[in-house]
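Source file protein-v2.txt; content: compact mmCIF, C-alpha atoms and all ligand atoms.
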```
# COMPACT_ATOMS: atom_id res chain seq x y z
CA MET A 1 2.98 -9.90 -19.29
CA ALA A 2 2.63 -8.37 -15.87
CA VAL A 3 1.13 -5.03 -14.96
CA GLY A 4 2.58 -3.74 -11.70
CA ARG A 5 2.41 -0.42 -9.96
CA PHE A 6 3.67 1.74 -7.14
CA ALA A 7 1.03 3.84 -5.40
CA PRO A 8 2.51 6.31 -2.93
CA SER A 9 0.65 9.03 -1.08
CA PRO A 10 2.24 12.43 -1.80
CA THR A 11 2.43 13.42 1.86
CA GLY A 12 6.19 13.75 2.20
CA ARG A 13 9.50 12.87 0.66
CA LEU A 14 9.85 9.11 -0.01
CA HIS A 15 12.01 7.44 2.66
CA LEU A 16 14.27 4.42 2.43
CA GLY A 17 11.38 2.06 3.21
CA ASN A 18 9.24 3.54 0.42
CA LEU A 19 12.15 3.42 -2.03
CA ARG A 20 12.90 -0.18 -1.12
CA THR A 21 9.28 -1.20 -1.74
CA ALA A 22 9.24 0.77 -5.00
CA LEU A 23 12.38 -1.08 -6.13
CA VAL A 24 10.75 -4.46 -5.49
CA ALA A 25 7.51 -3.37 -7.20
CA TRP A 26 9.48 -2.22 -10.25
CA LEU A 27 11.65 -5.35 -10.41
CA ALA A 28 8.62 -7.62 -10.03
CA ALA A 29 6.80 -5.89 -12.87
CA ARG A 30 9.77 -5.45 -15.20
CA ALA A 31 11.58 -8.75 -14.63
CA PRO A 32 11.14 -11.42 -17.28
CA GLN A 33 8.07 -13.40 -16.21
CA ARG A 34 9.04 -16.98 -15.38
CA GLY A 35 7.05 -19.53 -17.26
CA HIS A 36 5.99 -17.01 -19.93
CA ARG A 37 7.57 -16.92 -23.35
CA GLN A 38 8.79 -13.44 -23.86
CA GLY A 39 10.54 -11.91 -26.83
CA PRO A 40 13.40 -9.47 -26.32
CA THR A 41 11.20 -6.50 -27.18
CA THR A 42 8.32 -7.33 -24.86
CA THR A 43 8.35 -5.14 -21.78
CA ASN A 44 6.13 -5.52 -18.81
CA THR A 45 4.16 -2.58 -17.57
CA PHE A 46 4.87 -0.54 -14.46
CA LEU A 47 2.52 2.25 -13.42
CA LEU A 48 2.78 5.09 -10.94
CA ARG A 49 -0.35 6.26 -9.17
CA PHE A 50 -0.71 8.96 -6.55
CA GLU A 51 -3.06 8.03 -3.73
CA ASP A 52 -4.00 11.56 -2.73
CA LEU A 53 -7.52 11.23 -1.33
CA ASP A 54 -6.43 12.26 2.15
CA THR A 55 -6.29 15.91 1.16
CA ALA A 56 -5.41 17.12 4.67
CA ALA A 57 -2.17 15.13 4.52
CA VAL A 58 -1.21 15.80 0.88
CA ARG A 59 1.63 18.27 0.29
CA PRO A 60 1.50 19.31 -3.39
CA GLU A 61 5.28 19.62 -3.75
CA HIS A 62 5.59 15.87 -3.19
CA TYR A 63 3.92 14.87 -6.46
CA HIS A 64 7.11 16.22 -7.94
CA SER A 65 9.62 15.19 -5.25
CA GLN A 66 8.41 11.56 -5.31
CA ARG A 67 8.63 11.30 -9.09
CA HIS A 68 12.05 12.93 -8.93
CA ASP A 69 13.38 10.50 -6.32
CA LEU A 70 12.02 7.43 -8.10
CA SER A 71 13.71 8.56 -11.33
CA ALA A 72 16.92 9.35 -9.45
CA ILE A 73 17.24 5.73 -8.27
CA GLY A 74 16.65 4.48 -11.81
CA LEU A 75 12.96 3.50 -11.74
CA ASP A 76 10.78 4.42 -14.71
CA TRP A 77 7.08 3.99 -15.38
CA ASP A 78 4.69 3.78 -18.32
CA GLY A 79 1.89 6.01 -19.47
CA THR A 80 0.09 8.69 -17.56
CA VAL A 81 0.51 9.07 -13.83
CA ILE A 82 -2.96 8.78 -12.29
CA ARG A 83 -4.10 10.84 -9.30
CA GLN A 84 -6.95 9.38 -7.28
CA SER A 85 -8.30 12.89 -6.68
CA ASP A 86 -9.17 12.96 -10.42
CA ARG A 87 -11.23 9.77 -10.21
CA LEU A 88 -13.93 10.59 -7.67
CA ALA A 89 -16.78 9.88 -10.13
CA ASP A 90 -15.53 6.30 -10.56
CA TYR A 91 -15.49 5.71 -6.81
CA ASP A 92 -18.98 7.19 -6.50
CA ARG A 93 -20.23 4.75 -9.11
CA ALA A 94 -18.66 1.88 -7.20
CA VAL A 95 -20.25 3.05 -3.92
CA ALA A 96 -23.61 3.23 -5.71
CA ARG A 97 -23.24 -0.39 -6.87
CA LEU A 98 -22.61 -1.58 -3.32
CA THR A 99 -25.51 0.56 -2.06
CA ASP A 100 -27.82 -0.91 -4.69
CA ALA A 101 -26.82 -4.39 -3.59
CA ASP A 102 -27.74 -3.41 0.00
CA LEU A 103 -24.23 -4.10 1.20
CA LEU A 104 -23.58 -0.78 2.98
CA TYR A 105 -24.90 0.73 6.18
CA PRO A 106 -24.36 4.10 7.83
CA CYS A 107 -21.95 4.12 10.75
CA PHE A 108 -21.86 7.00 13.21
CA CYS A 109 -18.97 5.78 15.37
CA SER A 110 -15.94 7.94 15.95
CA ARG A 111 -12.50 6.31 16.03
CA LYS A 112 -12.44 6.73 19.78
CA GLU A 113 -15.78 4.97 20.21
CA ILE A 114 -14.57 2.08 18.07
CA ARG A 115 -11.34 1.80 20.06
CA GLU A 116 -13.26 1.76 23.31
CA ALA A 117 -15.92 -0.67 22.14
CA ALA A 118 -13.35 -3.02 20.63
CA SER A 119 -11.39 -3.14 23.89
CA ALA A 120 -14.45 -4.05 25.97
CA PRO A 121 -13.63 -7.34 27.75
CA ASN A 122 -16.05 -9.47 25.71
CA LEU A 123 -14.63 -8.12 22.45
CA ALA A 124 -10.97 -7.87 23.39
CA HIS A 125 -10.08 -10.67 20.99
CA ALA A 126 -11.38 -8.52 18.12
CA GLY A 127 -8.28 -6.27 18.13
CA HIS A 128 -8.88 -3.22 15.97
CA HIS A 129 -11.81 -4.83 14.17
CA TYR A 130 -15.08 -2.97 14.01
CA PRO A 131 -17.37 -4.38 16.70
CA GLY A 132 -20.57 -3.91 14.69
CA THR A 133 -22.08 -1.13 16.80
CA CYS A 134 -24.09 0.49 13.99
CA ARG A 135 -24.83 -2.63 11.92
CA GLU A 136 -28.37 -3.18 13.12
CA LEU A 137 -29.55 0.35 14.00
CA SER A 138 -33.22 1.00 13.33
CA SER A 139 -34.10 3.82 10.98
CA ALA A 140 -35.25 5.87 14.00
CA GLN A 141 -31.85 5.36 15.63
CA ARG A 142 -30.14 6.31 12.37
CA SER A 143 -31.98 9.58 12.02
CA GLN A 144 -31.41 10.32 15.71
CA ARG A 145 -27.65 9.76 15.45
CA GLY A 146 -27.55 11.54 12.09
CA ARG A 147 -28.53 14.79 13.77
CA THR A 148 -25.13 15.16 15.41
CA ARG A 149 -22.76 13.35 13.05
CA ASP A 150 -22.51 12.54 9.36
CA PRO A 151 -22.21 8.79 8.87
CA ALA A 152 -19.47 6.82 7.19
CA LEU A 153 -20.63 3.91 5.01
CA ARG A 154 -19.49 0.45 6.05
CA LEU A 155 -19.59 -2.80 4.15
CA ARG A 156 -21.53 -5.73 5.60
CA ALA A 157 -18.68 -8.20 5.37
CA GLY A 158 -20.43 -10.87 7.42
CA ALA A 159 -17.13 -11.88 9.11
CA ALA A 160 -16.05 -13.43 5.82
CA VAL A 161 -12.63 -15.08 5.81
CA ARG A 162 -10.26 -15.00 2.88
CA THR A 163 -7.03 -16.92 2.40
CA PHE A 164 -4.37 -15.93 -0.10
CA ASP A 165 -0.84 -16.91 -1.08
CA ASP A 166 1.37 -13.88 -0.84
CA LEU A 167 4.36 -13.96 -3.18
CA VAL A 168 6.68 -12.85 -0.37
CA MET A 169 4.95 -13.64 2.92
CA GLY A 170 3.35 -16.97 2.03
CA ARG A 171 -0.13 -18.16 2.92
CA HIS A 172 -2.29 -15.88 5.06
CA ARG A 173 -5.85 -15.99 6.27
CA PHE A 174 -7.77 -13.12 7.80
CA GLU A 175 -11.28 -12.57 9.02
CA ILE A 176 -12.81 -9.47 7.50
CA ASP A 177 -14.66 -6.99 9.69
CA ASP A 178 -17.22 -4.46 8.43
CA PHE A 179 -14.82 -1.89 6.99
CA VAL A 180 -15.39 1.67 5.79
CA ILE A 181 -16.14 2.20 2.10
CA LYS A 182 -16.88 5.91 2.30
CA ARG A 183 -15.60 8.10 5.12
CA ASN A 184 -17.86 10.44 7.04
CA ASP A 185 -16.33 13.46 5.28
CA GLY A 186 -17.54 11.98 1.97
CA THR A 187 -14.11 10.76 0.84
CA PRO A 188 -13.96 7.26 -0.67
CA ALA A 189 -11.97 4.97 1.59
CA TYR A 190 -8.59 3.56 0.60
CA HIS A 191 -9.80 -0.05 0.16
CA LEU A 192 -12.45 0.96 -2.32
CA ALA A 193 -10.27 3.33 -4.32
CA VAL A 194 -7.33 0.96 -4.54
CA VAL A 195 -9.45 -1.90 -5.88
CA ILE A 196 -11.30 0.28 -8.38
CA ASP A 197 -8.04 1.77 -9.64
CA ASP A 198 -6.01 -1.42 -9.81
CA ALA A 199 -8.85 -3.07 -11.72
CA ALA A 200 -9.36 -0.08 -14.06
CA GLN A 201 -5.63 0.06 -14.80
CA GLY A 202 -5.40 -3.69 -15.43
CA VAL A 203 -2.94 -4.18 -12.55
CA ASP A 204 -2.38 -7.88 -11.94
CA LEU A 205 0.66 -7.67 -9.66
CA VAL A 206 0.37 -5.59 -6.49
CA VAL A 207 3.62 -5.14 -4.58
CA ARG A 208 3.49 -2.94 -1.49
CA ALA A 209 4.63 -2.76 2.13
CA ASP A 210 3.50 -5.49 4.50
CA ASP A 211 1.58 -3.15 6.79
CA LEU A 212 -1.16 -3.72 4.20
CA LEU A 213 -1.01 -7.53 4.34
CA GLU A 214 -4.21 -7.84 6.36
CA SER A 215 -5.96 -5.33 4.06
CA THR A 216 -5.57 -7.80 1.26
CA SER A 217 -8.44 -9.97 2.50
CA ARG A 218 -10.74 -6.95 2.50
CA GLN A 219 -9.66 -6.05 -1.00
CA LEU A 220 -10.13 -9.62 -2.23
CA LEU A 221 -13.70 -9.48 -0.96
CA LEU A 222 -14.28 -6.26 -2.93
CA TYR A 223 -12.90 -7.87 -6.11
CA GLU A 224 -15.49 -10.61 -5.64
CA LEU A 225 -18.34 -8.21 -4.99
CA PHE A 226 -17.48 -6.25 -8.13
CA ASP A 227 -16.95 -9.47 -10.07
CA LEU A 228 -13.40 -8.50 -11.02
CA PRO A 229 -10.34 -10.76 -11.31
CA PRO A 230 -8.00 -10.16 -8.34
CA PRO A 231 -4.28 -9.44 -8.78
CA ARG A 232 -1.40 -11.43 -7.28
CA TYR A 233 0.03 -9.82 -4.14
CA GLY A 234 3.56 -9.50 -2.77
CA HIS A 235 4.08 -7.68 0.52
CA VAL A 236 7.53 -6.35 1.33
CA PRO A 237 8.53 -6.27 5.01
CA LEU A 238 8.76 -2.81 6.52
CA VAL A 239 11.90 -0.86 7.29
CA LEU A 240 12.15 0.03 10.98
CA ALA A 241 14.28 2.39 13.05
CA SER A 242 16.48 0.88 15.77
CA ASN A 243 13.77 1.39 18.41
CA GLY A 244 11.38 -0.78 16.37
CA ASP A 245 9.23 2.10 15.09
CA ARG A 246 8.34 2.28 11.46
CA LEU A 247 10.86 4.46 9.66
CA ALA A 248 10.04 8.20 9.67
CA LYS A 249 11.68 11.55 9.11
CA ARG A 250 12.45 12.01 12.82
CA HIS A 251 14.78 9.02 12.78
CA GLY A 252 17.47 10.85 10.84
CA ALA A 253 18.80 10.58 7.29
CA VAL A 254 15.93 8.67 5.71
CA THR A 255 15.41 10.32 2.31
CA LEU A 256 17.50 10.39 -0.82
CA GLU A 257 18.13 14.06 -0.17
CA ASP A 258 19.33 13.37 3.39
CA ARG A 259 21.62 10.63 2.11
CA ALA A 260 23.02 12.99 -0.56
CA ASP A 261 23.86 15.47 2.20
CA ARG A 262 26.03 12.72 3.65
CA GLY A 263 27.81 12.25 0.36
CA GLU A 264 25.87 9.15 -0.78
CA SER A 265 24.83 8.95 -4.43
CA PRO A 266 21.45 7.50 -5.50
CA ALA A 267 23.40 4.51 -6.89
CA GLN A 268 24.89 3.88 -3.45
CA VAL A 269 21.45 4.08 -1.86
CA ILE A 270 19.93 1.63 -4.34
CA THR A 271 22.90 -0.69 -3.88
CA PHE A 272 22.44 -0.63 -0.11
CA LEU A 273 18.71 -1.31 -0.46
CA ALA A 274 19.36 -4.16 -2.91
CA SER A 275 21.82 -5.69 -0.43
CA THR A 276 19.18 -5.61 2.32
CA LEU A 277 16.82 -7.50 0.00
CA GLY A 278 19.34 -10.24 -0.72
CA LEU A 279 19.63 -9.06 -4.33
CA PHE A 280 23.24 -7.82 -4.16
CA PRO A 281 26.16 -9.11 -2.07
CA ALA A 282 26.55 -7.03 1.09
CA GLU A 283 30.37 -7.38 0.94
CA ALA A 284 30.46 -5.93 -2.57
CA ALA A 285 28.23 -3.03 -1.46
CA ALA A 286 30.47 -2.43 1.57
CA ALA A 287 33.51 -2.44 -0.72
CA GLY A 288 31.98 0.40 -2.73
CA GLU A 289 30.68 -1.57 -5.72
CA THR A 290 27.34 -0.28 -7.00
CA THR A 291 24.47 -1.76 -8.96
CA SER A 292 21.31 -0.43 -10.62
CA PRO A 293 17.68 -1.58 -10.88
CA THR A 294 18.25 -2.67 -14.50
CA LYS A 295 21.24 -4.81 -13.52
CA LEU A 296 19.15 -6.51 -10.84
CA LEU A 297 16.39 -7.58 -13.23
CA ASP A 298 17.88 -10.92 -14.23
CA ARG A 299 18.34 -12.21 -10.73
CA PHE A 300 15.03 -11.03 -9.25
CA GLU A 301 12.93 -13.74 -7.58
CA PHE A 302 10.24 -13.19 -4.96
CA GLN A 303 11.47 -16.27 -3.07
CA GLN A 304 14.80 -14.59 -2.29
CA LEU A 305 13.27 -11.69 -0.44
CA PRO A 306 13.45 -11.60 3.35
CA ARG A 307 10.22 -12.09 5.31
CA GLN A 308 11.48 -10.17 8.33
CA PRO A 309 11.43 -6.38 8.72
CA LEU A 310 14.69 -4.56 8.15
CA THR A 311 15.89 -2.69 11.25
CA LEU A 312 18.33 0.08 10.46
CA PRO A 313 20.97 0.72 13.14
CA ALA A 314 20.88 4.16 14.76
CA HIS A 315 24.38 5.01 13.54
CA TYR A 316 23.30 4.45 9.92
CA LEU A 317 20.54 7.02 10.27
CA THR A 318 22.15 9.56 12.57
CA GLY A 319 25.92 9.04 12.21
CA SER A 320 27.94 11.62 10.35
CA GLY A 321 28.23 9.52 7.21
CA ARG A 322 31.32 8.13 5.62
N1 LIG A 401 -0.94 4.48 -0.81
C1 LIG A 401 -0.49 3.42 0.03
C2 LIG A 401 0.75 3.87 0.78
O1 LIG A 401 1.38 4.84 0.40
C3 LIG A 401 -0.16 2.18 -0.76
C4 LIG A 401 -1.39 1.46 -1.13
C5 LIG A 401 -1.18 0.22 -1.99
O2 LIG A 401 -0.08 0.05 -2.54
O3 LIG A 401 -2.12 -0.54 -2.12
O4 LIG A 401 1.09 3.25 1.77
```

Take the structure I supplied and represent it as structure tokens, if you would.
Ligand code: GLU
Amino acid sequence: MAVGRFAPSPTGRLHLGNLRTALVAWLAARAPQRGHRQGPTTTNTFLLRFEDLDTAAVRPEHYHSQRHDLSAIGLDWDGTVIRQSDRLADYDRAVARLTDADLLYPCFCSRKEIREAASAPNLAHAGHHYPGTCRELSSAQRSQRGRTRDPALRLRAGAAVRTFDDLVMGRHRFEIDDFVIKRNDGTPAYHLAVVIDDAAQGVDLVVRADDLLESTSRQLLLYELFDLPPPRYGHVPLVLASNGDRLAKRHGAVTLEDRADRGESPAQVITFLASTLGLFPAEAAAAGETTSPTKLLDRFEFQQLPRQPLTLPAHYLTGSGR
């Protein structure tokens, strides 16, 4: 048994990168689990969850468009589709547990202040990590700073280091900075919500894009603090435009709808994506043969997947189609 999931944010139409990750997440969850005895009627579980806590970015029509596009490429899911915006009480309870354990502190820094502090010469090695500015404020300093800005809550991570074996990207090790658990507008932060939800839904196989690879160490620390068993992780390399940017609407025909306007069926899109993952022969795809997620199930193996990002040539995204 595996319980996998896909957890998009309904902020726009899914693009080819999102669909490609969703395909891998679905295959990983639905494929027969190696080393497990499985009868012909046993199915593995695949869940869909909308990560919609960033209400300023959510566009309500995309709850529907994303479900529609996933179905159109042949992906299905089990049970009720969860929305994080319905689960605020659970996140509040989790924040309260961390507060009770004295693991959180108020942080008054703006993004700009953090960027500037982290690029100070003595901290330049810290990259985007939080430099600890508010960690040891006195209570007088806290009430002083609290007059002009509501605080976020940060976790005292103590520069912990976690190592994990990613199913796609191999072994990784990251130092964990003090990261935000609750944002200064009162919204639970992504790392908290994702861990609480994956645990509550029994997810034991997290497949997502590799821009979240480093986040995994933070999330592993949260699993430990909540005394929950962590899932296995597989991070799928990103899809990039020809200039090296992460794929976005402005790069051209990036959604299923855009591809349909060029005369491409969802089956052709999924076949192309499968070929870029090494799951379908590129020559057969070029010759017009198509496949489907179900047909790919038998041959799915994490080890086959590329570890490099996929760069789409400009003509593929902006050319006039076939
Ligand atoms: N909601 C995140 C995204 O759309 C995915 C988070 C996850 O899979 O853990 O990028």

- Exercise answer, 9 Å around ligand LIG 401 (chain A) with only C-alpha atoms and all ligand atoms, as a ChimeraX atom specification: /A:5-11,18,49-52,190-191,194-195,198,206-209,211-212,215-216

- Message: Can you measure CA of His315 in chain A to CA of Leu247 in chain A for me? One decimal in Å is fine.
- Response: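 Computed distance, CA of His315 in chain A to CA of Leu247 in chain A, equals 14.1 Å.
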
- CA of Leu104 in chain A to CA of Arg156 in chain A, straight-line distance in Å: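 Result for CA of Arg156 in chain A versus CA of Leu104 in chain A: 6.0 Å, one decimal.
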
- Message: Residues near Ala89 in chain A, anyone? I mean within 12 Å using all atoms listed in the file, not counting same-chain ones fewer than 4 positions away, as a PyMOL selection string.
- Response: chain A and resi 84-85+93-96+187-188+193+196-197

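What separates CA of Ala314 in chain A from CA of Asp245 in chain A is a distance of 11.8 Å.
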
- For Ser139 in chain A, work out the shell of residues within 12 Å, counting only C-alpha atoms and skipping chain neighbours fewer than 5 positions away, then give it as a list in words. Tyr105, Pro106, Cys134, Gln144, Arg145 and Gly146 of chain A

- Using all atoms listed in the file: which of A:Thr318, A:Pro237, A:Pro229, A:Leu277 has the shortest distance to Arg262 in chain A: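 Using all atoms listed in the file, the shortest distance to Arg262 in chain A belongs to A:Thr318.
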
- Message: So that I can see what lies close to Asp165 in chain A, please list as a list in words the residues with an atom at most 12 Å from it, counting only C-alpha atoms and leaving out residues fewer than 5 positions away in the same chain.
- Response: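 So, after excluding close chain neighbours, the residues are Gly170, Arg171, His172, Arg173, Phe174, Leu213, Thr216, Ser217, Leu220, Pro231, Arg232, Tyr233, Gly234 and His235 of chain A.
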
- Query: Of the candidates A:Leu103, A:Ala253, A:Ala286, A:Ile181, which one gets nearest to Gln268 in chain A if we count only C-alpha atoms?
  - Reply: A:Ala286

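With all atoms listed in the file as the atoms that count, the residue of A:Lys182, A:Arg154, A:Lys295, A:Arg246 with the shortest distance to Gly74 in chain A is A:Lys295.
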
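You can rank A:Arg67, A:Arg20, A:His62, A:His15 by their closest distance to Thr271 in chain A using only C-alpha atoms, and at the top of that list sits A:Arg20.
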
- Item | Nearest residue to Glu136 in chain A from the set A:Ala160, A:Ala248, A:Leu153, A:Cys107 (distances using all atoms listed in the file) |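 Of A:Ala160, A:Ala248, A:Leu153, A:Cys107, the one nearest Glu136 in chain A is A:Cys107, counting all atoms listed in the file.
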
- Query: Which protein, DNA or RNA residues have an atom at most 9 Å from (10.1, -14.1, -9.3), counting all atoms listed in the file? List them as a ChimeraX atom specification.
  - Reply: /A:27-28,31-34,167,299-304

Those residues with C-alpha atoms, as a short mmCIF file (atom, residue, chain, number, x, y, z; two decimals), keeping the file's coordinate frame please?
```cif
data_model
loop_
_atom_site.label_atom_id
_atom_site.label_comp_id
_atom_site.auth_asym_id
_atom_site.auth_seq_id
_atom_site.Cartn_x
_atom_site.Cartn_y
_atom_site.Cartn_z
CA LEU A 27 11.65 -5.35 -10.41
CA ALA A 28 8.62 -7.62 -10.03
CA ALA A 31 11.58 -8.75 -14.63
CA PRO A 32 11.14 -11.42 -17.28
CA GLN A 33 8.07 -13.40 -16.21
CA ARG A 34 9.04 -16.98 -15.38
CA LEU A 167 4.36 -13.96 -3.18
CA ARG A 299 18.34 -12.21 -10.73
CA PHE A 300 15.03 -11.03 -9.25
CA GLU A 301 12.93 -13.74 -7.58
CA PHE A 302 10.24 -13.19 -4.96
CA GLN A 303 11.47 -16.27 -3.07
CA GLN A 304 14.80 -14.59 -2.29
#
```

- Item | Residue among A:Arg149, A:Arg259, A:Leu296, A:Glu214 lying closest to Val161 in chain A, counting all atoms listed in the file |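 Going through A:Arg149, A:Arg259, A:Leu296, A:Glu214 one by one, the smallest distance to Val161 in chain A is for A:Glu214.
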
- Message: Which residues are close to Gly12 in chain A, i.e. within 10 Å by only C-alpha atoms, leaving aside same-chain residues fewer than 3 positions away? Reply as a ChimeraX atom specification.
- Response: /A:8-9,15,57-63,65-66,249,255

- Message: Give me the residues near Pro293 in chain A as a VMD selection string, where near means some atom within 9 Å (using all atoms listed in the file) and where sequence neighbours in that chain fewer than 4 positions away do not count.
- Response: chain A and resid 23 26 to 27 73 to 75 270 to 271 274 297
